[in-house]
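Engineer: Got a structure here, written out as structure tokens. Questions coming.
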Amino acid sequence: MAAEGQQHPLKIYYIMWGALFVLSGMSYWTDFWDDGPIRTGAILLFMFLKAGGIVFIFMHMGWERRALKIAILGPPVALMVLIWLMSYEGFYIEDTRTEYYGESTFEPEPVHH
Amino acid sequence: MSEAVMEPTGGAGVVHDWSKDKQVFGVPWGKAMMWIFLLSDTFIFSCFLVGYMSVRISTTDPWPNPSEVFALSFGGEPIPLILIAIMTFILITSSGTMALAVNMGYRKDRKKTFWLMVATAVLGASFVGMQAFEWTKLIVDEGVRPWSNPMGAAQFGSSFFMITGFHGMHVSAGVIYLLVIANRVRNGFYEKRGGNYEIVEITGLYWHFVDLVWVFIFALFYLW
């Protein structure tokens with residue numbers, strides 16, 4: 001199989017394709033929900049399901065050997081630290097801005113279509 | 001150490017040392033290199049998205065509601081985020097045609113591979129076209145600039161143009177890449193080289209990655 005590369009039944013691709021359409025539809029649907037932890041969780045859930053499907057099925061990562069999986073999928077895990085640090089700092093900056101400059105006085109204009 | 005083999009030093013030594021390892025990844029080198037490129041690209045896009053996250057958290061001005069900003073009216077009531085939803089579906093459709101092109105490439109069905117790649121490129125080009133429309137509307141009608149906008153925090157414009165601009169550039173490059181490879185599939189370039197169509201899968205990796213990045217942009221910038 002290695003010589004012939006990644007060959008899989010077409011059915012797998014059609015199922016994944018359909019699943020991506022359904023998941024994208026559901027992602028778009030969350031735009032009509034009320035803001036809150038449920039909506040945020042749903043956005044992230046659909047995002048990771050779609051990303052996983054693309055990487056593991058369409059990009060064939062699910063069928064690759066573990067050495068490649070670890071080399072490619074391992075390093076991005078470090079991004080979790082960056083996200084944590086930057087959000088922590090972001091909230092701190094927001095607090096100091098509010099403390100020294102006061103609340104925002106920005107008057108938003110409505111969107112025209 | 002009496003029988004020590006003399007190993008080359010200097011520049012020849014560098015080449016010798018780097019090339020004596022055995023192959024690690026059991027995939028064609030082009031595929032391994034594409035994956036490593038995509039890994040580095042992951043970090044670039046992550047830096048943009050994390051930067052967007054930190055400016056959005058730290059600003060005290062209200063953040064414009066993307067649902068309203070990107071709403072589009074077709075004569076009646078504006079439909080929230082509709083253009084972005086259409087762009088998302090176009091990119092997913094193109095991912096499907098690309099996956100099929102890879103499969104047809106391994107089956108050595110040159111005609112189907114060619115046309116599926118062309119279809120992918122056309123869908124990608126229409127995505128870029130819609131993005132151009134979106135940018136025009138935002139700049140001309142809504143007055144969004146990288147340094148300010150009337151609807152809220154100035155950082156909205158800078159994050160938006162940077163992230164979607166860089167993504168759009170990737171899509172445009174992908175369209176050109178697809179057309180070049182599709183043309184080579186059609187004119188028999190790979191037939192002369194042993195009929196190996198691994199390159200279609202490598203092109204596919206790049207294209208799926210562009211779709212993958214859009215999944216994150218759609219969720220984190222447009223929906224959040």
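Chain labels A, B, ... are given in the sequence in which chains occur in the structure tokens; within each chain residues are numbered consecutively from 1, and ligands are likewise numbered from 1 in the order shown.
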Would you kindly return, as a ChimeraX atom specification, each protein, DNA or RNA residue with an atom no farther than 9 Å from any atom of B:Ala119, considering only C-alpha atoms and excluding same-chain residues fewer than 6 positions away?

Structural biologist: /B:94,97-98

Engineer: Report as a list in words all protein, DNA and RNA residues lying within 9 Å of B:Ala71, evaluated on only C-alpha atoms, omitting residues in the same chain fewer than 2 positions from it.

Structural biologist: His113 of chain A; Pro66, Ser67, Glu68, Val69, Ser73, Pro78, Ile79, Pro80, Leu81, Ile82, Leu83 and Ile84 of chain B

Engineer: Restricting the output to C-alpha atoms, write the selected residues as a PDB file, in the first residue's frame.

Structural biologist:
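Saved file result_17.pdb follows:
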ATOM      1  CA  HIS A 113     -26.839  47.359   4.855  1.00  0.00           C
TER       2      HIS A 113
ATOM      3  CA  PRO B  66     -19.946  40.209  13.350  1.00  0.00           C
ATOM      4  CA  SER B  67     -23.421  38.768  12.951  1.00  0.00           C
ATOM      5  CA  GLU B  68     -24.721  42.260  12.077  1.00  0.00           C
ATOM      6  CA  VAL B  69     -21.604  43.595  10.355  1.00  0.00           C
ATOM      7  CA  SER B  73     -29.831  42.018   2.503  1.00  0.00           C
ATOM      8  CA  PRO B  78     -30.775  41.484   6.270  1.00  0.00           C
ATOM      9  CA  ILE B  79     -29.811  37.842   6.823  1.00  0.00           C
ATOM     10  CA  PRO B  80     -27.078  37.510   9.475  1.00  0.00           C
ATOM     11  CA  LEU B  81     -23.665  36.289   8.312  1.00  0.00           C
ATOM     12  CA  ILE B  82     -25.142  34.867   5.104  1.00  0.00           C
ATOM     13  CA  LEU B  83     -22.228  35.680   2.786  1.00  0.00           C
ATOM     14  CA  ILE B  84     -19.758  34.068   5.193  1.00  0.00           C
TER      15      ILE B  84
END

Engineer: At what distance in Å, to one decimal, does atom CA of A:Leu20 lie from atom CA of B:Thr120?

Structural biologist: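 According to the coordinates, atom CA of B:Thr120 and atom CA of A:Leu20 are separated by 16.2 Å.
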
Engineer: Which is closest to chain B among A:Ala42, A:Ile15, A:Ile93, A:Leu49, if we use only C-alpha atoms?

Structural biologist: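 Of A:Ala42, A:Ile15, A:Ile93, A:Leu49, the one nearest chain B is A:Ile93, counting only C-alpha atoms.
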
Engineer: Which one of B:Gly204, B:Gly157, B:Gly51, B:Gly195 sits closest to B:Arg107 if you count only C-alpha atoms?

Structural biologist: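 The shortest atom-to-atom distance to B:Arg107 comes from B:Gly195.
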